[in-house]
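Participant: Input entry08.pdb, format and content: PDB, C-alpha atoms and all ligand atoms.
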ATOM      1  CA  MET A   1     -47.097 -18.136  15.091
ATOM      2  CA  ALA A   2     -49.675 -16.218  13.092
ATOM      3  CA  LEU A   3     -51.188 -17.985  10.108
ATOM      4  CA  PRO A   4     -50.220 -16.514   6.733
ATOM      5  CA  SER A   5     -52.847 -14.188   5.317
ATOM      6  CA  ASP A   6     -54.798 -15.024   2.170
ATOM      7  CA  GLU A   7     -52.950 -12.205   0.396
ATOM      8  CA  MET A   8     -49.557 -13.632   1.328
ATOM      9  CA  LEU A   9     -50.573 -17.138   0.229
ATOM     10  CA  ALA A  10     -51.959 -15.788  -3.049
ATOM     11  CA  GLU A  11     -48.691 -13.949  -3.743
ATOM     12  CA  ARG A  12     -46.699 -17.124  -3.145
ATOM     13  CA  ALA A  13     -49.112 -19.209  -5.224
ATOM     14  CA  ALA A  14     -48.837 -16.688  -8.073
ATOM     15  CA  ASN A  15     -45.130 -17.516  -8.204
ATOM     16  CA  GLY A  16     -45.894 -21.216  -8.465
ATOM     17  CA  ASP A  17     -45.989 -22.310  -4.797
ATOM     18  CA  CYS A  18     -48.637 -25.048  -5.005
ATOM     19  CA  ALA A  19     -48.546 -25.682  -1.225
ATOM     20  CA  SER A  20     -49.743 -22.096  -0.606
ATOM     21  CA  PHE A  21     -52.543 -22.564  -3.094
ATOM     22  CA  GLU A  22     -53.538 -25.760  -1.323
ATOM     23  CA  VAL A  23     -53.975 -23.773   1.913
ATOM     24  CA  LEU A  24     -56.249 -21.339   0.064
ATOM     25  CA  LEU A  25     -58.154 -24.329  -1.309
ATOM     26  CA  GLN A  26     -58.692 -25.609   2.241
ATOM     27  CA  ARG A  27     -59.890 -22.190   3.416
ATOM     28  CA  TYR A  28     -62.337 -21.574   0.587
ATOM     29  CA  LYS A  29     -63.423 -24.976  -0.724
ATOM     30  CA  SER A  30     -66.620 -25.303   1.366
ATOM     31  CA  SER A  31     -67.780 -21.824   0.496
ATOM     32  CA  VAL A  32     -67.020 -22.254  -3.230
ATOM     33  CA  TYR A  33     -68.662 -25.685  -3.292
ATOM     34  CA  ARG A  34     -71.855 -24.323  -1.707
ATOM     35  CA  ILE A  35     -72.000 -21.462  -4.197
ATOM     36  CA  CYS A  36     -71.496 -23.937  -7.043
ATOM     37  CA  LEU A  37     -74.082 -26.338  -5.612
ATOM     38  CA  ARG A  38     -76.732 -23.623  -5.382
ATOM     39  CA  THR A  39     -75.849 -22.209  -8.801
ATOM     40  CA  ALA A  40     -75.487 -25.539 -10.603
ATOM     41  CA  GLY A  41     -78.402 -27.243  -8.853
ATOM     42  CA  ASN A  42     -76.839 -30.695  -8.615
ATOM     43  CA  ARG A  43     -73.814 -32.308  -6.977
ATOM     44  CA  GLU A  44     -72.205 -33.683 -10.111
ATOM     45  CA  ASP A  45     -71.958 -30.275 -11.773
ATOM     46  CA  ALA A  46     -71.133 -28.582  -8.450
ATOM     47  CA  GLU A  47     -68.039 -30.745  -8.119
ATOM     48  CA  ASP A  48     -66.870 -30.013 -11.660
ATOM     49  CA  TRP A  49     -67.661 -26.316 -11.291
ATOM     50  CA  THR A  50     -65.750 -26.077  -7.995
ATOM     51  CA  GLN A  51     -62.716 -27.601  -9.677
ATOM     52  CA  GLU A  52     -63.043 -25.214 -12.616
ATOM     53  CA  CYS A  53     -63.381 -22.236 -10.228
ATOM     54  CA  PHE A  54     -60.138 -23.069  -8.429
ATOM     55  CA  VAL A  55     -58.270 -23.729 -11.679
ATOM     56  CA  ARG A  56     -59.437 -20.380 -13.109
ATOM     57  CA  ALA A  57     -58.502 -18.593  -9.878
ATOM     58  CA  TYR A  58     -55.028 -20.139  -9.992
ATOM     59  CA  GLN A  59     -54.515 -19.222 -13.639
ATOM     60  CA  GLN A  60     -55.574 -15.637 -12.973
ATOM     61  CA  LEU A  61     -53.352 -15.195  -9.920
ATOM     62  CA  GLY A  62     -50.761 -13.618 -12.227
ATOM     63  CA  LYS A  63     -53.085 -10.604 -12.469
ATOM     64  CA  TYR A  64     -53.633 -10.422  -8.692
ATOM     65  CA  SER A  65     -51.679  -7.916  -6.671
ATOM     66  CA  GLY A  66     -51.059  -8.753  -3.013
ATOM     67  CA  ASP A  67     -51.729  -5.195  -1.837
ATOM     68  CA  ARG A  68     -55.461  -5.638  -2.590
ATOM     69  CA  PRO A  69     -57.750  -7.747  -0.370
ATOM     70  CA  PHE A  70     -57.824 -11.301  -1.711
ATOM     71  CA  SER A  71     -61.391 -12.296  -0.891
ATOM     72  CA  PRO A  72     -63.341  -9.850  -3.174
ATOM     73  CA  TRP A  73     -60.931 -10.565  -6.038
ATOM     74  CA  PHE A  74     -61.280 -14.310  -5.505
ATOM     75  CA  TYR A  75     -65.087 -14.263  -5.309
ATOM     76  CA  ARG A  76     -65.186 -12.174  -8.457
ATOM     77  CA  VAL A  77     -63.324 -14.930 -10.304
ATOM     78  CA  ILE A  78     -65.647 -17.559  -8.770
ATOM     79  CA  THR A  79     -68.781 -15.569  -9.660
ATOM     80  CA  ASN A  80     -67.686 -14.970 -13.253
ATOM     81  CA  THR A  81     -66.746 -18.625 -13.645
ATOM     82  CA  CYS A  82     -70.136 -19.783 -12.293
ATOM     83  CA  ILE A  83     -72.031 -17.355 -14.551
ATOM     84  CA  ASN A  84     -70.071 -18.529 -17.608
ATOM     85  CA  LEU A  85     -70.529 -22.200 -16.754
ATOM     86  CA  ALA A  86     -74.251 -21.722 -16.119
ATOM     87  CA  LYS A  87     -74.691 -19.874 -19.412
ATOM     88  CA  LYS A  88     -72.744 -22.549 -21.265
ATOM     89  CA  ARG A  89     -74.810 -25.324 -19.705
ATOM     90  CA  ASP A  90     -78.077 -23.482 -20.311
ATOM     91  CA  SER A  91     -77.238 -23.086 -23.962
ATOM     92  CA  GLN A  92     -76.213 -26.733 -24.270
ATOM     93  CA  GLN A  93     -79.201 -28.180 -22.521
ATOM     94  CA  ARG A  94     -82.296 -26.762 -20.929
ATOM     95  CA  HIS A  95     -82.318 -29.883 -18.832
ATOM     96  CA  VAL A  96     -81.974 -30.243 -15.090
ATOM     97  CA  HIS A  97     -80.816 -33.413 -13.394
ATOM     98  CA  GLN A  98     -84.082 -34.197 -11.685
ATOM     99  CA  GLY A  99     -82.824 -37.283  -9.863
ATOM    100  CA  ALA A 100     -80.063 -35.459  -8.064
ATOM    101  CA  LEU A 101     -82.185 -32.436  -7.221
ATOM    102  CA  THR A 102     -84.296 -33.877  -4.457
ATOM    103  CA  GLU A 103     -81.288 -35.481  -2.816
ATOM    104  CA  ASP A 104     -79.321 -32.234  -2.994
ATOM    105  CA  LEU A 105     -82.056 -30.181  -1.463
ATOM    106  CA  VAL A 106     -82.705 -32.660   1.275
ATOM    107  CA  SER A 107     -79.064 -32.254   2.233
ATOM    108  CA  LEU A 108     -79.673 -28.540   2.041
ATOM    109  CA  ALA A 109     -82.156 -28.868   4.895
ATOM    110  CA  ASP A 110     -79.364 -28.103   7.349
ATOM    111  CA  GLY A 111     -80.381 -24.492   7.759
ATOM    112  CA  PRO A 112     -82.629 -23.590  10.692
ATOM    113  CA  GLU A 113     -85.345 -22.321   8.365
ATOM    114  CA  ALA A 114     -85.252 -25.231   5.991
ATOM    115  CA  CYS A 115     -87.898 -27.087   7.971
ATOM    116  CA  SER A 116     -90.450 -24.604   6.683
ATOM    117  CA  ILE A 117     -90.215 -26.252   3.290
ATOM    118  CA  LYS A 118     -91.959 -29.534   2.599
ATOM    119  CA  ASN A 119     -89.709 -32.258   1.234
ATOM    120  CA  ASP A 120     -92.204 -32.980  -1.545
ATOM    121  CA  ASP A 121     -91.695 -29.506  -2.887
ATOM    122  CA  ILE A 122     -87.930 -29.503  -2.652
ATOM    123  CA  ALA A 123     -87.307 -30.395  -6.300
ATOM    124  CA  LYS A 124     -89.753 -27.693  -7.298
ATOM    125  CA  ALA A 125     -87.869 -25.183  -5.173
ATOM    126  CA  GLN A 126     -84.625 -26.104  -6.874
ATOM    127  CA  GLN A 127     -86.281 -25.790 -10.269
ATOM    128  CA  ALA A 128     -87.345 -22.300  -9.237
ATOM    129  CA  MET A 129     -83.699 -21.478  -8.457
ATOM    130  CA  GLN A 130     -82.706 -22.729 -11.888
ATOM    131  CA  SER A 131     -85.378 -20.571 -13.505
ATOM    132  CA  LEU A 132     -83.369 -17.471 -12.537
ATOM    133  CA  SER A 133     -80.872 -16.174 -15.069
ATOM    134  CA  PRO A 134     -77.257 -17.114 -14.222
ATOM    135  CA  THR A 135     -76.505 -13.453 -13.368
ATOM    136  CA  LEU A 136     -79.411 -13.114 -10.907
ATOM    137  CA  ARG A 137     -78.940 -16.607  -9.472
ATOM    138  CA  THR A 138     -75.241 -16.070  -8.772
ATOM    139  CA  ALA A 139     -75.821 -12.646  -7.191
ATOM    140  CA  LEU A 140     -78.479 -14.102  -4.884
ATOM    141  CA  VAL A 141     -76.465 -17.186  -3.966
ATOM    142  CA  VAL A 142     -73.277 -15.245  -3.181
ATOM    143  CA  TRP A 143     -75.161 -12.629  -1.117
ATOM    144  CA  LEU A 144     -77.116 -15.176   0.942
ATOM    145  CA  GLN A 145     -74.422 -17.828   1.207
ATOM    146  CA  GLU A 146     -71.563 -15.516   2.119
ATOM    147  CA  GLN A 147     -73.727 -13.122   4.182
ATOM    148  CA  ILE A 148     -71.877 -10.140   2.766
ATOM    149  CA  THR A 149     -73.015  -6.527   2.491
ATOM    150  CA  PHE A 150     -74.306  -5.054  -0.772
ATOM    151  CA  LYS A 151     -71.179  -2.956  -0.931
ATOM    152  CA  GLU A 152     -69.089  -6.131  -0.848
ATOM    153  CA  LEU A 153     -71.417  -7.852  -3.322
ATOM    154  CA  GLY A 154     -70.994  -4.874  -5.639
ATOM    155  CA  GLN A 155     -67.209  -5.281  -5.418
ATOM    156  CA  VAL A 156     -67.500  -8.984  -6.204
ATOM    157  CA  LEU A 157     -69.827  -8.409  -9.165
ATOM    158  CA  GLY A 158     -68.008  -5.297 -10.345
ATOM    159  CA  VAL A 159     -71.159  -3.142 -10.157
ATOM    160  CA  PRO A 160     -72.402  -0.296  -7.902
ATOM    161  CA  LEU A 161     -74.133  -1.126  -4.598
ATOM    162  CA  THR A 162     -77.615  -0.285  -5.925
ATOM    163  CA  THR A 163     -77.157  -2.504  -9.010
ATOM    164  CA  ALA A 164     -76.086  -5.395  -6.780
ATOM    165  CA  ALA A 165     -79.113  -4.789  -4.537
ATOM    166  CA  THR A 166     -81.451  -4.574  -7.525
ATOM    167  CA  ARG A 167     -80.195  -7.910  -8.846
ATOM    168  CA  VAL A 168     -80.779  -9.594  -5.484
ATOM    169  CA  ARG A 169     -84.232  -8.012  -5.171
ATOM    170  CA  ARG A 170     -85.247  -9.140  -8.653
ATOM    171  CA  ALA A 171     -83.920 -12.649  -7.958
ATOM    172  CA  LEU A 172     -85.824 -12.909  -4.652
ATOM    173  CA  LEU A 173     -89.096 -11.674  -6.120
ATOM    174  CA  GLN A 174     -88.813 -13.922  -9.165
ATOM    175  CA  LEU A 175     -88.016 -16.889  -6.950
ATOM    176  CA  GLU A 176     -91.014 -16.204  -4.752
ATOM    177  CA  LYS A 177     -93.245 -15.854  -7.809
ATOM    178  CA  VAL A 178     -92.118 -19.143  -9.353
ATOM    179  CA  LEU A 179     -92.393 -21.014  -6.084
ATOM    180  CA  THR A 180     -96.057 -20.108  -5.607
ATOM    181  CA  VAL A 181     -95.584 -19.962  -1.866
ATOM    182  CA  GLU A 182     -98.937 -21.451  -0.930
ATOM    183  CA  GLU A 183     -97.967 -24.799  -2.405
ATOM    184  CA  ILE A 184     -94.589 -24.969  -0.723
ATOM    185  CA  ARG A 185     -95.045 -23.608   2.776
ATOM    186  CA  ARG A 186     -96.779 -25.572   5.461
TER     187      ARG A 186
ATOM    188  CA  MET B 187     -90.564   6.949 -10.710
ATOM    189  CA  MET B 188     -89.859   7.788  -7.062
ATOM    190  CA  CYS B 189     -91.371   4.464  -5.979
ATOM    191  CA  LEU B 190     -89.104   2.471  -8.319
ATOM    192  CA  TRP B 191     -86.079   4.405  -7.050
ATOM    193  CA  ILE B 192     -87.108   3.598  -3.464
ATOM    194  CA  GLN B 193     -87.898  -0.053  -4.180
ATOM    195  CA  ASN B 194     -84.486  -0.641  -5.747
ATOM    196  CA  ARG B 195     -82.972   0.484  -2.443
ATOM    197  CA  LEU B 196     -85.260  -1.365  -0.019
ATOM    198  CA  LEU B 197     -82.816  -4.204   0.644
ATOM    199  CA  PRO B 198     -79.762  -2.034   1.448
ATOM    200  CA  TYR B 199     -82.148   0.223   3.437
ATOM    201  CA  ARG B 200     -83.333  -2.792   5.426
ATOM    202  CA  CYS B 201     -79.706  -3.839   5.994
ATOM    203  CA  GLY B 202     -78.739  -0.343   7.153
ATOM    204  CA  GLU B 203     -76.274   0.140   4.323
ATOM    205  CA  LEU B 204     -77.429   3.493   2.946
ATOM    206  CA  PRO B 205     -76.237   6.995   3.883
ATOM    207  CA  SER B 206     -78.365   8.593   6.607
ATOM    208  CA  SER B 207     -79.906  11.192   4.267
ATOM    209  CA  ILE B 208     -81.250   8.474   1.928
ATOM    210  CA  THR B 209     -82.333   6.313   4.872
ATOM    211  CA  THR B 210     -84.400   9.210   6.250
ATOM    212  CA  MET B 211     -85.919   9.862   2.822
ATOM    213  CA  ILE B 212     -86.925   6.200   2.389
ATOM    214  CA  ARG B 213     -88.318   5.985   5.928
ATOM    215  CA  ARG B 214     -90.523   9.029   5.281
ATOM    216  CA  HIS B 215     -91.658   7.685   1.921
ATOM    217  CA  LEU B 216     -92.540   4.288   3.398
ATOM    218  CA  ARG B 217     -94.771   5.959   5.999
ATOM    219  CA  SER B 218     -96.918   7.536   3.311
ATOM    220  CA  CYS B 219     -96.735   5.144   0.317
ATOM    221  CA  LYS B 220     -98.831   1.980   0.408
ATOM    222  CA  HIS B 221     -97.217   0.628  -2.784
ATOM    223  CA  CYS B 222     -93.753   0.726  -1.278
ATOM    224  CA  GLN B 223     -95.008  -0.658   2.038
ATOM    225  CA  ALA B 224     -96.476  -3.618   0.118
ATOM    226  CA  ALA B 225     -93.219  -3.953  -1.842
ATOM    227  CA  MET B 226     -91.283  -4.053   1.435
ATOM    228  CA  ASN B 227     -93.559  -6.764   2.855
ATOM    229  CA  ALA B 228     -93.282  -8.833  -0.339
ATOM    230  CA  LEU B 229     -89.515  -8.469  -0.223
ATOM    231  CA  GLU B 230     -89.338  -9.614   3.416
ATOM    232  CA  THR B 231     -91.332 -12.746   2.537
ATOM    233  CA  ALA B 232     -89.207 -13.452  -0.542
ATOM    234  CA  TRP B 233     -86.034 -12.893   1.495
ATOM    235  CA  SER B 234     -87.157 -15.431   4.068
ATOM    236  CA  THR B 235     -87.916 -17.972   1.307
ATOM    237  CA  GLY B 236     -84.549 -17.312  -0.332
ATOM    238  CA  ARG B 237     -82.714 -17.824   2.963
ATOM    239  CA  SER B 238     -84.461 -21.143   3.560
ATOM    240  CA  LEU B 239     -83.508 -22.351   0.076
ATOM    241  CA  ILE B 240     -79.893 -21.320   0.185
ATOM    242  CA  ALA B 241     -78.866 -21.959   3.797
ATOM    243  CA  SER B 242     -76.673 -25.025   3.736
ATOM    244  CA  ASN B 243     -73.863 -26.810   5.485
ATOM    245  CA  ALA B 244     -73.160 -29.041   2.478
ATOM    246  CA  GLU B 245     -69.495 -30.031   2.288
ATOM    247  CA  PRO B 246     -67.550 -30.892  -0.862
ATOM    248  CA  PRO B 247     -66.608 -34.546  -1.420
ATOM    249  CA  VAL B 248     -63.320 -35.529   0.243
ATOM    250  CA  HIS B 249     -61.612 -36.422  -3.041
ATOM    251  CA  LEU B 250     -62.115 -32.891  -4.421
ATOM    252  CA  ASP B 251     -58.864 -31.510  -2.916
ATOM    253  CA  ARG B 252     -56.751 -34.100  -4.683
ATOM    254  CA  LYS B 253     -58.689 -33.664  -7.930
ATOM    255  CA  VAL B 254     -58.098 -29.900  -7.906
ATOM    256  CA  MET B 255     -54.447 -30.107  -6.874
ATOM    257  CA  ASP B 256     -53.686 -32.750  -9.530
ATOM    258  CA  VAL B 257     -54.688 -30.186 -12.158
ATOM    259  CA  ILE B 258     -52.967 -27.243 -10.427
ATOM    260  CA  ARG B 259     -49.610 -29.044 -10.116
ATOM    261  CA  VAL B 260     -49.240 -29.495 -13.871
ATOM    262  CA  LEU B 261     -50.134 -25.891 -14.706
ATOM    263  CA  PRO B 262     -47.381 -23.285 -15.263
ATOM    264  CA  ALA B 263     -46.885 -20.784 -12.426
ATOM    265  CA  PRO B 264     -49.392 -17.939 -13.040
ATOM    266  CA  ARG B 265     -46.755 -15.181 -12.980
ATOM    267  CA  ASP B 266     -44.364 -17.191 -15.170
ATOM    268  CA  ASP B 267     -47.132 -17.567 -17.674
ATOM    269  CA  ASN B 268     -47.706 -13.816 -17.699
ATOM    270  CA  ASN B 269     -43.988 -13.118 -17.887
ATOM    271  CA  ASN B 270     -43.650 -15.514 -20.806
ATOM    272  CA  ILE B 271     -46.395 -13.727 -22.711
ATOM    273  CA  ALA B 272     -44.738 -10.353 -22.015
ATOM    274  CA  LYS B 273     -41.343 -11.764 -23.052
ATOM    275  CA  MET B 274     -42.769 -13.187 -26.298
ATOM    276  CA  THR B 275     -44.479  -9.859 -27.067
ATOM    277  CA  ARG B 276     -41.170  -8.002 -26.575
ATOM    278  CA  ILE B 277     -39.288 -10.465 -28.817
ATOM    279  CA  LEU B 278     -41.913 -10.181 -31.557
ATOM    280  CA  ALA B 279     -41.820  -6.367 -31.342
ATOM    281  CA  ALA B 280     -37.990  -6.394 -31.622
ATOM    282  CA  VAL B 281     -38.104  -8.742 -34.654
ATOM    283  CA  PHE B 282     -40.729  -6.526 -36.294
ATOM    284  CA  LEU B 283     -38.636  -3.379 -35.721
ATOM    285  CA  LEU B 284     -35.507  -5.105 -37.088
ATOM    286  CA  LEU B 285     -37.379  -6.225 -40.222
ATOM    287  CA  LEU B 286     -38.835  -2.749 -40.712
ATOM    288  CA  GLY B 287     -35.382  -1.184 -40.294
ATOM    289  CA  GLY B 288     -33.916  -3.664 -42.798
ATOM    290  CA  ILE B 289     -36.607  -2.919 -45.378
ATOM    291  CA  LEU B 290     -36.062   0.828 -44.970
ATOM    292  CA  VAL B 291     -32.289   0.419 -45.441
ATOM    293  CA  ILE B 292     -32.840  -1.685 -48.617
ATOM    294  CA  VAL B 293     -35.323   0.872 -50.006
ATOM    295  CA  ALA B 294     -32.874   3.721 -49.251
ATOM    296  CA  ILE B 295     -30.003   1.860 -50.998
ATOM    297  CA  ARG B 296     -32.231   1.114 -54.035
ATOM    298  CA  LEU B 297     -33.296   4.761 -54.254
ATOM    299  CA  HIS B 298     -29.654   5.867 -53.990
ATOM    300  CA  MET B 299     -28.617   3.443 -56.778
ATOM    301  CA  LEU B 300     -31.451   4.619 -59.071
ATOM    302  CA  ARG B 301     -30.168   8.197 -58.935
ATOM    303  CA  PRO B 302     -28.428   9.290 -62.174
TER     304      PRO B 302
HETATM  305 ZN    ZN A 401     -93.676   4.491  -3.132
END
Let me see whether you can do it: turn the structure in this file into structure tokens.
Ligand SMILES: [Zn+2]
Facilitator:
Amino acid sequence: MALPSDEMLAERAANGDCASFEVLLQRYKSSVYRICLRTAGNREDAEDWTQECFVRAYQQLGKYSGDRPFSPWFYRVITNTCINLAKKRDSQQRHVHQGALTEDLVSLADGPEACSIKNDDIAKAQQAMQSLSPTLRTALVVWLQEQITFKELGQVLGVPLTTAATRVRRALLQLEKVLTVEEIRR
Amino acid sequence: MMCLWIQNRLLPYRCGELPSSITTMIRRHLRSCKHCQAAMNALETAWSTGRSLIASNAEPPVHLDRKVMDVIRVLPAPRDDNNNIAKMTRILAAVFLLLLGGILVIVAIRLHMLRP
């Protein structure tokens, strides 16, 4: 039997079927958590932000129509939630949880290219990520994490393709500038 | 001006996401413009750094599912919530129209009574 589509599950969840929403949670939780982890910069906030993202998505399901693809709509809610949470946190405290940073980025060293970064500089790399504005940081994280096209990123962010690409370009260049590559690469 | 226009499109160009006419235009420009060539090289390096920072297989903590669903289960159904708001708006509009009608009737009666 074919598995129910995201759209079908979202329709059912919109009418209050929590079991359908739980299936969506299973399908998307890793992806949402990784986006939140990269955007928030520490595990404690990432956990809270992931929860907030799913709660917001559930509450907004009333506005979702099952004849549209679920994924871009869903990631738009996630992106907006992350941007709002990052802005709120930034305004509350210009403070980053230093202790958790190194640990988080060590765990991040799962990617094949991660070995090119020295562990000593990991916290600095995460600080560089946090130096990006929430809008640029979220655009970069979603594009790299989800490996989507700029057209899809534009749909998620609600902007044209070139605006989405410009945000990612600015984020990458700013990141590279802050990192001062010579210090970080072997 | 042209260089900025090109540089804002270097990433989708590199990913093969632009229409063929624009792709050809950018390819030609890159052959002759050292600024944009340098911008492309800088972008490739930054892209590689970005990938190495973001690539992750991190998984959420196991208790997160329960934590999320505990909140979801006590929330009203999203569509019900919307319907309730729509229903309340309709009721308020009906009450307002009734009140307005009543006031108009009273004013009309008063005006009628004041006539000599
Ligand atoms: Zn140029």
Participant: I'd like to know which of B:Ala241, B:Thr209, B:Leu204, B:Tyr199 is closest to chain A, using only C-alpha atoms.
Facilitator: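 The answer is B:Ala241, which sits nearest to chain A.
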Participant: Measuring atom to atom with all atoms listed in the file, identify which of A:Leu173, A:Cys53, A:Ala128, A:Leu140 is nearest to Val257 of chain B.
Facilitator: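 Looking at the shortest contact to Val257 of chain B, the residue is A:Cys53.
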Participant: Check which residues fall inside 6 Å of ligand ZN 401 (chain A) when counting all atoms listed in the file, and print them as a list in words.
Facilitator: Cys189, Cys219, His221 and Cys222 of chain B
Participant: Enclose all atoms of segment 235-252 of chain B listed in the file in an axis-aligned box, grow every side by 5 Å, and hand back centre and edge lengths in Å to one decimal, as lines of an AutoDock Vina configuration file.
Facilitator:
center_x = -72.3
center_y = -26.9
center_z = 0.4
size_x = 41.2
size_y = 29.1
size_z = 20.2
Participant: Calculated over all atoms listed in the file, which of the candidates B:Ser242, B:Thr231, B:Ser206, B:Thr275 has the smallest distance to chain A?
Facilitator: B:Ser242
Participant: Selection in question (the file shown): the PyMOL selection byres ((chain B) within 10 of (chain A and not hetatm)). Which residues does it include, as an MDAnalysis selection string?
Facilitator: chainID B and resid 191 193:199 201:204 225 228:247 249:255 257:269
Participant: Exactly which residues make up the result of the PyMOL selection byres (((chain A and resi 71) around 12) and not hetatm) on this file, given as a PyMOL selection string?
Facilitator: chain A and resi 5-7+9-10+24+27-28+31-32+57+64+66+68-70+72-79+146+148+152-153+155-156
Participant: Take the residues from that selection and write them out as an mmCIF file, in the coordinates of the input, keeping C-alpha atoms.
Facilitator:
data_model
loop_
_atom_site.group_PDB
_atom_site.id
_atom_site.type_symbol
_atom_site.label_atom_id
_atom_site.label_comp_id
_atom_site.auth_asym_id
_atom_site.auth_seq_id
_atom_site.Cartn_x
_atom_site.Cartn_y
_atom_site.Cartn_z
ATOM 1 C CA SER A 5 -52.847 -14.188 5.317
ATOM 2 C CA ASP A 6 -54.798 -15.024 2.170
ATOM 3 C CA GLU A 7 -52.950 -12.205 0.396
ATOM 4 C CA LEU A 9 -50.573 -17.138 0.229
ATOM 5 C CA ALA A 10 -51.959 -15.788 -3.049
ATOM 6 C CA LEU A 24 -56.249 -21.339 0.064
ATOM 7 C CA ARG A 27 -59.890 -22.190 3.416
ATOM 8 C CA TYR A 28 -62.337 -21.574 0.587
ATOM 9 C CA SER A 31 -67.780 -21.824 0.496
ATOM 10 C CA VAL A 32 -67.020 -22.254 -3.230
ATOM 11 C CA ALA A 57 -58.502 -18.593 -9.878
ATOM 12 C CA TYR A 64 -53.633 -10.422 -8.692
ATOM 13 C CA GLY A 66 -51.059 -8.753 -3.013
ATOM 14 C CA ARG A 68 -55.461 -5.638 -2.590
ATOM 15 C CA PRO A 69 -57.750 -7.747 -0.370
ATOM 16 C CA PHE A 70 -57.824 -11.301 -1.711
ATOM 17 C CA PRO A 72 -63.341 -9.850 -3.174
ATOM 18 C CA TRP A 73 -60.931 -10.565 -6.038
ATOM 19 C CA PHE A 74 -61.280 -14.310 -5.505
ATOM 20 C CA TYR A 75 -65.087 -14.263 -5.309
ATOM 21 C CA ARG A 76 -65.186 -12.174 -8.457
ATOM 22 C CA VAL A 77 -63.324 -14.930 -10.304
ATOM 23 C CA ILE A 78 -65.647 -17.559 -8.770
ATOM 24 C CA THR A 79 -68.781 -15.569 -9.660
ATOM 25 C CA GLU A 146 -71.563 -15.516 2.119
ATOM 26 C CA ILE A 148 -71.877 -10.140 2.766
ATOM 27 C CA GLU A 152 -69.089 -6.131 -0.848
ATOM 28 C CA LEU A 153 -71.417 -7.852 -3.322
ATOM 29 C CA GLN A 155 -67.209 -5.281 -5.418
ATOM 30 C CA VAL A 156 -67.500 -8.984 -6.204
#
Participant: For a test of reading the model, state the distance in Å between atom CA of Met274 of chain B and atom CA of Val291 of chain B, rounded to one decimal.
Facilitator: 25.7 Å
Participant: Could you please determine the separation between atom CA of Gly158 of chain A and atom CA of Met226 of chain B in Å, to one decimal place?
Facilitator: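 Between these atoms lies a distance of 26.1 Å.
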Participant: Kindly give the distance, in Å, that separates atom CA of Ser133 of chain A and atom CA of Gly154 of chain A, rounded to a single decimal.
Facilitator: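 Going from atom CA of Ser133 of chain A over to atom CA of Gly154 of chain A, I get 17.7 Å.
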